[in-house]
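Asks: Here you go, this is work-v4.txt (compact mmCIF, C-alpha atoms (C1' of nucleotides)).
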# COMPACT_ATOMS: atom_id res chain seq x y z
CA MET A 1 88.45 -0.73 -78.06
CA THR A 2 85.17 -0.19 -79.84
CA ILE A 3 81.98 -1.98 -78.95
CA PRO A 4 80.08 -3.56 -81.85
CA LYS A 5 76.38 -2.86 -81.42
CA GLN A 6 75.00 -5.67 -83.55
CA SER A 7 76.91 -8.81 -82.65
CA ALA A 8 75.05 -12.07 -82.22
CA ARG A 9 76.47 -12.46 -78.74
CA ARG A 10 75.16 -9.09 -77.73
CA LYS A 11 71.70 -10.06 -78.85
CA GLU A 12 71.84 -13.15 -76.66
CA LEU A 13 72.94 -11.12 -73.67
CA THR A 14 70.21 -8.58 -74.31
CA THR A 15 67.61 -11.33 -74.23
CA VAL A 16 68.96 -12.58 -70.92
CA ALA A 17 68.85 -9.04 -69.59
CA ALA A 18 65.24 -8.61 -70.71
CA LYS A 19 64.30 -11.68 -68.73
CA LEU A 20 65.92 -10.49 -65.53
CA PHE A 21 64.84 -6.86 -65.89
CA LYS A 22 61.27 -8.00 -66.23
CA LYS A 23 61.56 -10.37 -63.29
CA HIS A 24 63.34 -8.11 -60.80
CA SER A 25 63.19 -4.63 -62.36
CA PHE A 26 66.17 -2.81 -63.78
CA ASP A 27 67.35 -1.29 -60.53
CA ARG A 28 67.23 -4.57 -58.62
CA THR A 29 69.07 -6.51 -61.27
CA THR A 30 72.81 -6.27 -60.64
CA VAL A 31 75.44 -6.76 -63.29
CA ARG A 32 76.55 -9.79 -61.32
CA MET A 33 73.10 -11.33 -61.63
CA LEU A 34 73.11 -10.70 -65.36
CA ALA A 35 76.56 -12.16 -65.79
CA SER A 36 75.73 -15.20 -63.70
CA GLU A 37 72.59 -15.90 -65.72
CA ALA A 38 74.62 -15.58 -68.92
CA GLY A 39 77.37 -17.83 -67.60
CA ILE A 40 80.13 -15.23 -67.61
CA LYS A 41 81.82 -12.91 -65.11
CA SER A 42 80.42 -9.48 -64.36
CA GLY A 43 83.35 -7.58 -65.82
CA SER A 44 82.91 -9.28 -69.18
CA LEU A 45 79.60 -7.54 -69.70
CA PHE A 46 81.45 -4.30 -70.26
CA TYR A 47 83.12 -5.72 -73.28
CA HIS A 48 79.66 -5.75 -74.91
CA TYR A 49 78.09 -2.64 -73.35
CA ARG A 50 79.56 0.66 -72.29
CA ASN A 51 77.60 0.67 -69.02
CA LYS A 52 74.56 -0.83 -67.36
CA GLU A 53 72.16 1.69 -68.79
CA GLU A 54 73.19 0.75 -72.29
CA ILE A 55 71.97 -2.76 -71.52
CA LEU A 56 68.56 -1.36 -70.65
CA PHE A 57 68.64 0.74 -73.79
CA ALA A 58 69.28 -2.34 -75.90
CA VAL A 59 66.46 -4.24 -74.20
CA ILE A 60 63.94 -1.46 -74.69
CA LYS A 61 64.92 -0.89 -78.31
CA GLN A 62 64.52 -4.59 -79.00
CA GLY A 63 61.19 -4.57 -77.18
CA LEU A 64 59.81 -1.67 -79.15
CA LEU A 65 60.90 -3.03 -82.52
CA SER A 66 59.65 -6.54 -81.95
CA SER A 67 56.27 -5.46 -80.64
CA LEU A 68 55.83 -3.00 -83.49
CA GLU A 69 56.53 -5.87 -85.83
CA THR A 70 54.03 -8.03 -83.97
CA ILE A 71 51.11 -5.64 -84.23
CA LYS A 72 51.89 -4.87 -87.87
CA LYS A 73 51.99 -8.52 -88.75
CA GLU A 74 48.82 -9.24 -86.83
CA THR A 75 46.83 -6.44 -88.46
CA SER A 76 48.14 -7.04 -91.97
CA LYS A 77 45.62 -9.80 -92.66
CA ALA A 78 42.66 -7.68 -91.59
CA VAL A 79 40.40 -6.11 -94.18
CA THR A 80 37.47 -4.39 -92.50
CA VAL A 81 37.81 -1.80 -89.77
CA GLU A 82 36.34 -4.18 -87.22
CA GLU A 83 38.91 -6.80 -88.13
CA LYS A 84 41.73 -4.30 -87.94
CA LEU A 85 40.79 -3.11 -84.48
CA GLN A 86 40.30 -6.64 -83.26
CA ALA A 87 43.66 -7.67 -84.71
CA LEU A 88 45.35 -4.67 -83.14
CA ILE A 89 44.03 -5.58 -79.72
CA LEU A 90 45.09 -9.17 -80.14
CA GLY A 91 48.48 -8.08 -81.43
CA GLN A 92 49.09 -5.88 -78.44
CA LEU A 93 48.19 -8.72 -76.10
CA LYS A 94 50.50 -11.07 -77.97
CA ALA A 95 53.32 -8.56 -77.68
CA LEU A 96 52.66 -8.38 -73.94
CA HIS A 97 52.25 -12.08 -73.25
CA GLY A 98 53.74 -13.95 -76.19
CA LYS A 99 57.22 -15.08 -77.06
CA ASN A 100 59.09 -11.76 -76.82
CA LYS A 101 57.10 -10.37 -73.92
CA ASP A 102 60.03 -9.67 -71.59
CA ALA A 103 61.60 -6.92 -73.65
CA HIS A 104 58.26 -5.34 -74.44
CA ILE A 105 57.14 -5.27 -70.83
CA VAL A 106 60.47 -3.75 -69.85
CA SER A 107 60.03 -1.15 -72.58
CA ILE A 108 56.80 0.10 -71.04
CA SER A 109 57.72 -0.24 -67.37
CA GLU A 110 61.33 0.96 -67.33
CA TRP A 111 61.11 3.83 -69.79
CA ARG A 112 61.86 6.37 -67.13
CA SER A 113 65.00 4.59 -66.01
CA LEU A 114 66.62 5.77 -69.22
CA ASN A 115 68.37 9.12 -69.24
CA LYS A 116 67.14 11.91 -71.47
CA GLN A 117 69.44 11.28 -74.40
CA SER A 118 68.59 7.60 -74.53
CA ARG A 119 64.90 8.37 -74.40
CA GLN A 120 65.23 10.94 -77.14
CA SER A 121 67.01 8.55 -79.45
CA LEU A 122 64.21 5.99 -79.09
CA ILE A 123 61.39 8.43 -79.52
CA ASP A 124 61.07 7.87 -83.26
CA ILE A 125 60.25 4.21 -82.77
CA ARG A 126 57.85 5.07 -79.98
CA ASP A 127 56.13 7.68 -82.10
CA GLU A 128 55.76 5.21 -84.92
CA TYR A 129 54.19 2.73 -82.52
CA GLU A 130 51.70 5.25 -81.22
CA ALA A 131 50.96 6.54 -84.70
CA TYR A 132 50.20 3.05 -85.92
CA TRP A 133 47.73 2.64 -83.10
CA GLN A 134 46.25 6.05 -83.69
CA GLY A 135 45.76 5.31 -87.38
CA ILE A 136 43.57 2.32 -86.70
CA ILE A 137 41.68 4.05 -83.91
CA ASP A 138 40.95 6.96 -86.23
CA LEU A 139 39.64 4.56 -88.84
CA ALA A 140 37.45 2.87 -86.25
CA ILE A 141 35.95 6.17 -85.20
CA ALA A 142 35.41 7.27 -88.78
CA GLY A 143 33.72 3.93 -89.43
CA GLY A 144 31.52 4.22 -86.36
CA VAL A 145 33.07 1.25 -84.59
CA LEU A 146 34.28 3.52 -81.81
CA LYS A 147 32.93 6.79 -80.50
CA GLY A 148 34.38 9.75 -78.68
CA ASP A 149 37.73 11.51 -78.68
CA ALA A 150 40.24 9.58 -80.77
CA LYS A 151 43.28 10.19 -78.59
CA LEU A 152 41.47 9.34 -75.39
CA GLN A 153 40.06 6.18 -76.89
CA LYS A 154 43.54 5.07 -77.86
CA LEU A 155 44.84 5.75 -74.37
CA PHE A 156 41.96 3.97 -72.66
CA ILE A 157 42.26 0.85 -74.77
CA LEU A 158 46.04 0.76 -74.61
CA GLY A 159 45.82 1.29 -70.87
CA ALA A 160 43.38 -1.54 -70.35
CA LEU A 161 45.62 -3.84 -72.39
CA ASN A 162 48.95 -2.81 -70.91
CA TRP A 163 47.45 -3.18 -67.46
CA THR A 164 46.96 -6.89 -68.13
CA THR A 165 50.64 -7.25 -67.26
CA GLN A 166 49.60 -6.56 -63.68
CA TRP A 167 47.15 -9.42 -63.37
CA TYR A 168 47.33 -11.87 -66.25
CA LYS A 169 49.19 -15.10 -65.50
CA LYS A 170 49.56 -17.89 -67.99
CA ASP A 171 47.40 -20.22 -65.90
CA HIS A 172 44.51 -17.78 -66.14
CA SER A 173 41.11 -19.29 -66.87
CA LYS A 174 40.81 -17.30 -70.09
CA SER A 175 43.15 -17.43 -73.05
CA ILE A 176 44.73 -14.41 -74.69
CA ASP A 177 42.36 -14.77 -77.63
CA GLU A 178 39.35 -14.78 -75.35
CA ILE A 179 40.54 -11.71 -73.52
CA ALA A 180 41.17 -9.93 -76.81
CA LYS A 181 37.67 -10.78 -77.97
CA GLU A 182 36.09 -9.58 -74.75
CA CYS A 183 38.09 -6.37 -74.85
CA PHE A 184 37.02 -5.70 -78.41
CA GLU A 185 33.39 -6.32 -77.56
CA SER A 186 33.66 -4.17 -74.48
CA VAL A 187 34.93 -1.09 -76.28
CA THR A 188 32.55 -1.48 -79.20
CA THR A 189 29.47 -2.77 -77.40
CA GLY A 190 26.17 -1.42 -78.53
CA ARG A 191 26.83 -0.66 -82.11
CA LEU A 192 27.18 -4.27 -83.05
CA ASN A 193 24.13 -5.89 -81.51
CA MET B 1 63.74 1.75 -27.90
CA THR B 2 60.34 1.21 -29.45
CA ILE B 3 59.11 3.03 -32.54
CA PRO B 4 55.64 4.60 -32.30
CA LYS B 5 53.72 3.86 -35.48
CA GLN B 6 51.18 6.65 -35.29
CA SER B 7 53.02 9.81 -34.33
CA ALA B 8 52.19 13.03 -36.13
CA ARG B 9 55.80 13.47 -37.13
CA ARG B 10 55.84 10.08 -38.73
CA LYS B 11 52.84 11.00 -40.83
CA GLU B 12 54.62 14.09 -42.07
CA LEU B 13 57.69 12.08 -42.99
CA THR B 14 55.54 9.51 -44.76
CA THR B 15 54.01 12.24 -46.89
CA VAL B 16 57.44 13.50 -47.84
CA ALA B 17 58.46 9.96 -48.70
CA ALA B 18 55.39 9.50 -50.88
CA LYS B 19 56.35 12.55 -52.86
CA LEU B 20 59.90 11.38 -53.52
CA PHE B 21 58.98 7.75 -54.11
CA LYS B 22 56.53 8.85 -56.77
CA LYS B 23 59.02 11.22 -58.34
CA HIS B 24 62.10 8.98 -58.41
CA SER B 25 60.80 5.49 -57.57
CA PHE B 26 61.49 3.70 -54.32
CA ASP B 27 64.81 2.19 -55.35
CA ARG B 28 66.22 5.47 -56.62
CA THR B 29 65.22 7.44 -53.55
CA THR B 30 67.98 7.24 -50.96
CA VAL B 31 67.47 7.76 -47.27
CA ARG B 32 69.71 10.80 -47.60
CA MET B 33 67.35 12.29 -50.19
CA LEU B 34 64.39 11.65 -47.90
CA ALA B 35 66.13 13.18 -44.93
CA SER B 36 67.28 16.20 -46.88
CA GLU B 37 63.75 16.85 -48.15
CA ALA B 38 62.44 16.56 -44.60
CA GLY B 39 65.14 18.86 -43.24
CA ILE B 40 66.81 16.31 -40.99
CA LYS B 41 69.85 14.02 -41.15
CA SER B 42 69.62 10.57 -42.67
CA GLY B 43 70.24 8.69 -39.46
CA SER B 44 67.30 10.39 -37.79
CA LEU B 45 64.91 8.58 -40.09
CA PHE B 46 65.60 5.35 -38.25
CA TYR B 47 64.21 6.80 -35.10
CA HIS B 48 60.82 6.78 -36.85
CA TYR B 49 61.12 3.67 -39.03
CA ARG B 50 62.90 0.38 -38.49
CA ASN B 51 64.30 0.38 -42.01
CA LYS B 52 63.77 1.83 -45.47
CA GLU B 53 61.20 -0.73 -46.49
CA GLU B 54 59.03 0.22 -43.54
CA ILE B 55 58.86 3.72 -45.01
CA LEU B 56 57.50 2.28 -48.23
CA PHE B 57 55.07 0.17 -46.24
CA ALA B 58 53.76 3.27 -44.47
CA VAL B 59 53.39 5.13 -47.76
CA ILE B 60 51.49 2.32 -49.43
CA LYS B 61 49.22 1.77 -46.47
CA GLN B 62 48.39 5.45 -46.39
CA GLY B 63 47.82 5.40 -50.15
CA LEU B 64 45.44 2.47 -50.00
CA LEU B 65 43.43 3.85 -47.11
CA SER B 66 43.08 7.35 -48.46
CA SER B 67 42.07 6.23 -51.95
CA LEU B 68 39.56 3.78 -50.54
CA GLU B 69 38.10 6.64 -48.58
CA THR B 70 38.05 8.78 -51.71
CA ILE B 71 36.07 6.37 -53.84
CA LYS B 72 33.67 5.58 -51.00
CA LYS B 73 33.02 9.24 -50.41
CA GLU B 74 32.60 9.93 -54.11
CA THR B 75 30.12 7.12 -54.67
CA SER B 76 28.13 7.69 -51.51
CA LYS B 77 26.02 10.43 -53.10
CA ALA B 78 25.07 8.29 -56.08
CA VAL B 79 21.64 6.67 -56.29
CA THR B 80 21.21 4.94 -59.63
CA VAL B 81 23.61 2.37 -61.01
CA GLU B 82 24.74 4.75 -63.74
CA GLU B 83 25.54 7.39 -61.17
CA LYS B 84 27.44 4.93 -59.03
CA LEU B 85 29.62 3.73 -61.87
CA GLN B 86 30.26 7.26 -63.01
CA ALA B 87 31.15 8.32 -59.48
CA LEU B 88 33.45 5.35 -59.07
CA ILE B 89 35.35 6.25 -62.22
CA LEU B 90 35.64 9.85 -61.13
CA GLY B 91 36.69 8.80 -57.64
CA GLN B 92 39.45 6.60 -58.97
CA LEU B 93 40.73 9.45 -61.13
CA LYS B 94 40.63 11.81 -58.17
CA ALA B 95 42.60 9.34 -56.10
CA LEU B 96 45.17 9.14 -58.89
CA HIS B 97 45.44 12.84 -59.66
CA GLY B 98 44.00 14.72 -56.70
CA LYS B 99 45.40 15.87 -53.41
CA ASN B 100 46.77 12.57 -52.08
CA LYS B 101 47.88 11.17 -55.41
CA ASP B 102 51.50 10.51 -54.49
CA ALA B 103 50.84 7.77 -51.97
CA HIS B 104 48.19 6.15 -54.14
CA ILE B 105 50.38 6.07 -57.22
CA VAL B 106 53.18 4.58 -55.16
CA SER B 107 50.78 1.98 -53.84
CA ILE B 108 50.04 0.70 -57.32
CA SER B 109 53.50 1.04 -58.82
CA GLU B 110 55.74 -0.12 -55.99
CA TRP B 111 53.68 -2.99 -54.63
CA ARG B 112 56.28 -5.52 -55.65
CA SER B 113 59.06 -3.70 -53.84
CA LEU B 114 57.49 -4.88 -50.59
CA ASN B 115 58.58 -8.19 -49.17
CA LYS B 116 56.09 -11.00 -48.77
CA GLN B 117 55.16 -10.35 -45.15
CA SER B 118 54.50 -6.68 -45.79
CA ARG B 119 52.37 -7.49 -48.80
CA GLN B 120 50.41 -10.07 -46.84
CA SER B 121 49.66 -7.65 -44.04
CA LEU B 122 48.22 -5.14 -46.51
CA ILE B 123 46.18 -7.61 -48.48
CA ASP B 124 43.02 -7.06 -46.47
CA ILE B 125 42.86 -3.41 -47.44
CA ARG B 126 43.64 -4.28 -51.02
CA ASP B 127 40.94 -6.89 -51.09
CA GLU B 128 38.43 -4.45 -49.69
CA TYR B 129 39.37 -1.97 -52.39
CA GLU B 130 38.92 -4.51 -55.17
CA ALA B 131 35.71 -5.81 -53.62
CA TYR B 132 34.27 -2.34 -53.50
CA TRP B 133 34.99 -1.94 -57.18
CA GLN B 134 33.65 -5.37 -57.98
CA GLY B 135 30.42 -4.65 -56.13
CA ILE B 136 29.58 -1.68 -58.29
CA ILE B 137 30.68 -3.41 -61.48
CA ASP B 138 28.41 -6.33 -60.64
CA LEU B 139 25.53 -3.95 -60.10
CA ALA B 140 26.24 -2.28 -63.41
CA ILE B 141 26.19 -5.58 -65.24
CA ALA B 142 23.02 -6.70 -63.48
CA GLY B 143 21.46 -3.38 -64.44
CA GLY B 144 22.54 -3.69 -68.06
CA VAL B 145 24.85 -0.70 -67.91
CA LEU B 146 27.83 -2.94 -68.63
CA LYS B 147 28.06 -6.22 -70.50
CA GLY B 148 30.41 -9.17 -70.44
CA ASP B 149 32.47 -10.88 -67.78
CA ALA B 150 32.33 -8.94 -64.52
CA LYS B 151 35.91 -9.51 -63.43
CA LEU B 152 37.35 -8.67 -66.81
CA GLN B 153 35.27 -5.53 -67.03
CA LYS B 154 36.61 -4.40 -63.69
CA LEU B 155 40.19 -5.04 -64.77
CA PHE B 156 39.76 -3.29 -68.10
CA ILE B 157 38.25 -0.16 -66.60
CA LEU B 158 40.67 -0.04 -63.70
CA GLY B 159 43.50 -0.57 -66.15
CA ALA B 160 42.41 2.26 -68.40
CA LEU B 161 42.13 4.56 -65.40
CA ASN B 162 45.34 3.56 -63.65
CA TRP B 163 47.16 3.94 -66.94
CA THR B 164 46.30 7.63 -66.93
CA THR B 165 49.24 8.02 -64.55
CA GLN B 166 51.46 7.34 -67.55
CA TRP B 167 50.18 10.18 -69.71
CA TYR B 168 47.99 12.63 -67.82
CA LYS B 169 49.69 15.88 -66.83
CA LYS B 170 47.91 18.67 -65.03
CA ASP B 171 48.25 20.96 -68.03
CA HIS B 172 46.30 18.51 -70.15
CA SER B 173 43.64 19.99 -72.42
CA LYS B 174 40.91 18.00 -70.68
CA SER B 175 40.00 18.13 -67.02
CA ILE B 176 39.69 15.12 -64.76
CA ASP B 177 35.92 15.45 -64.85
CA GLU B 178 35.88 15.44 -68.62
CA ILE B 179 38.08 12.38 -68.78
CA ALA B 180 35.89 10.60 -66.27
CA LYS B 181 32.82 11.41 -68.33
CA GLU B 182 34.42 10.21 -71.55
CA CYS B 183 35.58 7.02 -69.89
CA PHE B 184 32.12 6.32 -68.57
CA GLU B 185 30.56 6.90 -71.97
CA SER B 186 33.19 4.79 -73.61
CA VAL B 187 32.57 1.71 -71.50
CA THR B 188 28.80 2.06 -71.62
CA THR B 189 28.34 3.29 -75.19
CA GLY B 190 25.46 1.86 -77.13
CA ARG B 191 23.03 1.13 -74.39
CA LEU B 192 22.46 4.77 -73.60
CA ASN B 193 21.86 6.35 -76.99
C1' DC C 1 103.26 -18.98 -89.92
C1' DA C 2 102.32 -14.34 -87.76
C1' DA C 3 99.03 -10.93 -86.70
C1' DA C 4 94.73 -9.43 -85.53
C1' DT C 5 90.33 -9.89 -83.43
C1' DA C 6 86.67 -11.60 -80.36
C1' DA C 7 85.38 -13.01 -76.01
C1' DC C 8 86.37 -13.73 -71.89
C1' DC C 9 88.65 -13.77 -66.67
C1' DA C 10 90.95 -12.25 -62.25
C1' DA C 11 91.34 -8.83 -59.11
C1' DG C 12 90.01 -5.02 -57.14
C1' DC C 13 88.86 0.22 -56.70
C1' DA C 14 86.01 4.17 -55.49
C1' DA C 15 81.62 5.67 -54.48
C1' DG C 16 77.31 5.24 -52.54
C1' DC C 17 74.22 2.62 -49.91
C1' DG C 18 71.33 1.34 -45.66
C1' DC C 19 71.90 1.43 -41.15
C1' DT C 20 74.03 1.78 -36.20
C1' DA C 21 76.00 3.60 -31.88
C1' DG C 22 76.45 7.01 -28.76
C1' DG C 23 75.41 11.49 -27.53
C1' DT C 24 72.70 16.16 -27.09
C1' DA C 25 68.99 19.41 -26.30
C1' DA C 26 64.30 20.48 -25.33
C1' DT C 27 60.07 19.38 -23.35
C1' DA C 28 56.94 16.70 -20.20
C1' DA C 29 56.04 13.88 -16.15
C1' DA C 30 57.05 12.41 -11.30
C1' DT D 1 64.08 19.00 -9.12
C1' DT D 2 65.03 14.85 -10.79
C1' DT D 3 63.69 11.54 -14.34
C1' DA D 4 61.77 10.13 -18.77
C1' DT D 5 60.65 10.85 -23.25
C1' DT D 6 60.89 12.78 -27.86
C1' DA D 7 63.37 14.09 -31.66
C1' DC D 8 67.19 14.88 -33.45
C1' DC D 9 72.74 14.96 -34.71
C1' DT D 10 77.62 13.26 -35.50
C1' DA D 11 80.42 10.03 -37.19
C1' DG D 12 81.25 6.27 -39.46
C1' DC D 13 80.97 0.97 -40.36
C1' DG D 14 80.38 -2.74 -43.45
C1' DC D 15 78.70 -4.01 -47.57
C1' DT D 16 77.28 -3.82 -52.40
C1' DT D 17 77.39 -1.50 -56.51
C1' DG D 18 78.93 -0.35 -61.32
C1' DC D 19 82.90 -0.37 -63.55
C1' DT D 20 88.22 -0.60 -64.83
C1' DT D 21 92.64 -2.56 -65.84
C1' DG D 22 95.72 -5.79 -67.52
C1' DG D 23 96.06 -10.14 -69.05
C1' DT D 24 94.63 -14.90 -71.29
C1' DT D 25 92.81 -18.07 -74.76
C1' DA D 26 90.73 -19.43 -79.00
C1' DT D 27 89.54 -18.38 -83.55
C1' DT D 28 90.04 -16.04 -87.86
C1' DT D 29 92.64 -13.55 -91.38
C1' DG D 30 96.62 -12.10 -94.34
For the file at hand, write its structure as structure tokens.
Replies:
Amino acid sequence: MTIPKQSARRKELTTVAAKLFKKHSFDRTTVRMLASEAGIKSGSLFYHYRNKEEILFAVIKQGLLSSLETIKKETSKAVTVEEKLQALILGQLKALHGKNKDAHIVSISEWRSLNKQSRQSLIDIRDEYEAYWQGIIDLAIAGGVLKGDAKLQKLFILGALNWTTQWYKKDHSKSIDEIAKECFESVTTGRLN
Amino acid sequence: MTIPKQSARRKELTTVAAKLFKKHSFDRTTVRMLASEAGIKSGSLFYHYRNKEEILFAVIKQGLLSSLETIKKETSKAVTVEEKLQALILGQLKALHGKNKDAHIVSISEWRSLNKQSRQSLIDIRDEYEAYWQGIIDLAIAGGVLKGDAKLQKLFILGALNWTTQWYKKDHSKSIDEIAKECFESVTTGRLN
DNA sequence: CAAATAACCAAGCAAGCGCTAGGTAATAAA
DNA sequence: TTTATTACCTAGCGCTTGCTTGGTTATTTG
């Protein structure tokens, strides 16, 4: 029996898995928990996936693709370098806290739970994601919006944003837009006023 | 039989545990792996700890205390606000990548693997750590070295620094001191030049 | 209609897990 | 010299885990 990789049902199950993996971590989510949440029996999962790790693989792939789409869409409207950087920051925050957050958060926190082959086969998407970020950061530095080493700047800003997953709750006093604005102003302070 | 919490042997075992927990994560480190690394049999671990989670608790407590000590020591020499902030950034990076890094990294990445009671009993140390950071950030804002919301600034900077655990390897082209310097200049750019 | 396919279930296996019980040897205390 | 104490080992128990096998039902296709 062959397992179809793009069925609609599989997508549903992957979304359920993203939710539980984010809530409990991959290791602490059992196949029985996944099945129960999906309303089926644990054995039935292996009709859709070869093994548990393939479920994680599907979640992370979905997370990478959807967040890449999010930041591209968000930055597409921007014209100036300032606008692009601001949109990129906002896009990243939306990917982390918006509709499809579960899969994206899993993709950055459970990367090392994948085996080597799985990681290798996702590296193209990851590289594209990083390259997209780097492109805008490079522009910002060339335009004088940012200063310093381009790669470090990217890592600092991405780090500050990704770290929001550790403290930002949806009942926070500030909205995502406000946090994006403050982050933008923080990294570019001085040149603008 | 009662378990002494402060024996020298226990400290050794906790250091071994920190190493493996950082390398493989808490969930993927078995008591047999811990015992093997320590040169004893798995059952012997439970002479020193009540259960596996208590090992994690010991690691995290040690991580919090030693990194708090590190940043206090690092900042103690500083006089001006600029120096204090710079020292704090460097101290945090040393805690993350220096001698006692294992326990500290575990303390920020495995916090949620603790049960509620364990977390609660460590919260005082955690609060002191955050308060120490907040104190210097507040000073920096009052002194005009930083701008914006004090709490957000703290979270952004801490996030950027803690995120270095995801990408910094010891064969990196830049040293810890260089990265600290660049981070400091990045968050304070504009006011100084 | 018959055949194929998709999606599931029931039952359970083998391996690995945290942890325990009872015992041993070496050192320290009385 | 007896008694405690410290630090370990041996052996294995009970449970959970990911996963398999063989079968069932409903829907679609020729």
Asks: What's around Asn162 of chain B at 12 Å? Count all atoms listed in the file, leave out sequence neighbours fewer than 6 positions away in its own chain, and write the answer as a VMD selection string.
Replies: (chain A and resid 155 to 164 166) or (chain B and resid 89 to 97 101 104 to 109 154 to 156 168)
Asks: What lies within 8 Å of segment 9-25 of chain D using all atoms listed in the file, ignoring chain neighbours under 5 positions off, as a PyMOL selection string?
Replies: (chain A and resi 30-31+43+46+51-52) or (chain B and resi 41+44) or (chain C and resi 9+16-17+24)
Asks: Would you please work out which residue, of B:Leu13, B:Leu65, B:Ala8, B:Ala142, is nearest to Glu82 of chain B when using all atoms listed in the file?
Replies: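 Using all atoms listed in the file, the shortest distance to Glu82 of chain B belongs to B:Ala142.
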Asks: For atom CA of Ile3 of chain B and atom CA of His24 of chain B, quote the distance in Å rounded to one decimal.
Replies: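 Atom-to-atom, atom CA of Ile3 of chain B and atom CA of His24 of chain B are spaced 26.7 Å apart.
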Asks: I need the chain B residues near chain A as an MDAnalysis selection string; criterion: at most 12 Å, counting only C-alpha atoms.
Replies: chainID B and resid 22:29 108:113 141 144:168 172:174 178:193
Asks: Kindly assemble as JSON lines a list of the chain C residues that lie within 9 Å of chain B, each paired with its nearest atom pair and their distance in Å to one decimal, using only C-alpha atoms (C1' of nucleotides), sorted first by chain and then by ascending residue number.
Replies:
{"residue": "C:DC17", "atom": "C1'", "partner": "B:Thr30", "partner_atom": "CA", "distance": 7.8}
{"residue": "C:DG18", "atom": "C1'", "partner": "B:Lys52", "partner_atom": "CA", "distance": 7.6}
{"residue": "C:DC19", "atom": "C1'", "partner": "B:Gly43", "partner_atom": "CA", "distance": 7.6}
{"residue": "C:DT20", "atom": "C1'", "partner": "B:Gly43", "partner_atom": "CA", "distance": 8.5}
Asks: Hey, can you check how far atom CA of Glu12 of chain A sits from atom CA of Glu128 of chain A?
Replies: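 Here the two named atoms are 25.8 Å from each other.
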Asks: Residues at most 12 Å from DT28 of chain D, counting only C-alpha atoms (C1' of nucleotides), excluding those fewer than 2 positions away in the same chain, as a PDB file with C-alpha atoms (C1' of nucleotides), in the coordinates of the input?
Replies:
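Written file, out.pdb:
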ATOM      1  C1'  DA C   3      99.030 -10.930 -86.700  1.00  0.00           C
ATOM      2  C1'  DA C   4      94.730  -9.430 -85.530  1.00  0.00           C
ATOM      3  C1'  DT C   5      90.330  -9.890 -83.430  1.00  0.00           C
ATOM      4  C1'  DA C   6      86.670 -11.600 -80.360  1.00  0.00           C
TER       5       DA C   6
ATOM      6  C1'  DA D  26      90.730 -19.430 -79.000  1.00  0.00           C
ATOM      7  C1'  DG D  30      96.620 -12.100 -94.340  1.00  0.00           C
TER       8       DG D  30
END
Asks: Could you state the separation of atom CA of Glu37 of chain B and atom CA of Lys169 of chain B in Å, given to one decimal place?
Replies: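 Going from atom CA of Glu37 of chain B over to atom CA of Lys169 of chain B, I get 23.4 Å.
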Asks: Pick from A:Ala103, A:Val16, A:Glu53, A:Phe21: nearest to chain D, with all atoms listed in the file counted?
Replies: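 Of A:Ala103, A:Val16, A:Glu53, A:Phe21, the one nearest chain D, counting all atoms listed in the file, is A:Glu53.
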Asks: Residues near DA28 of chain C, anyone? I mean within 12 Å using all atoms listed in the file, not counting same-chain ones fewer than 4 positions away, as a ChimeraX atom specification.
Replies: /D:3-6
Asks: For segment 2-20 of chain D, take all atoms listed in the file, fit an axis-aligned box around them, add 3 Å to each of the six sides, then output centre and edge lengths in Å rounded to one decimal, as lines of an AutoDock Vina configuration file.
Replies:
center_x = 74.4
center_y = 5.5
center_z = -37.8
size_x = 33.6
size_y = 25.0
size_z = 60.0
Asks: Pick out the residues sitting within 10 Å of Lys11 of chain A, and hand them over as a PyMOL selection string; count all atoms listed in the file, and ignore anything fewer than 3 positions along from it in its own chain.
Replies: chain A and resi 5-8+14-17+48+58-59+62
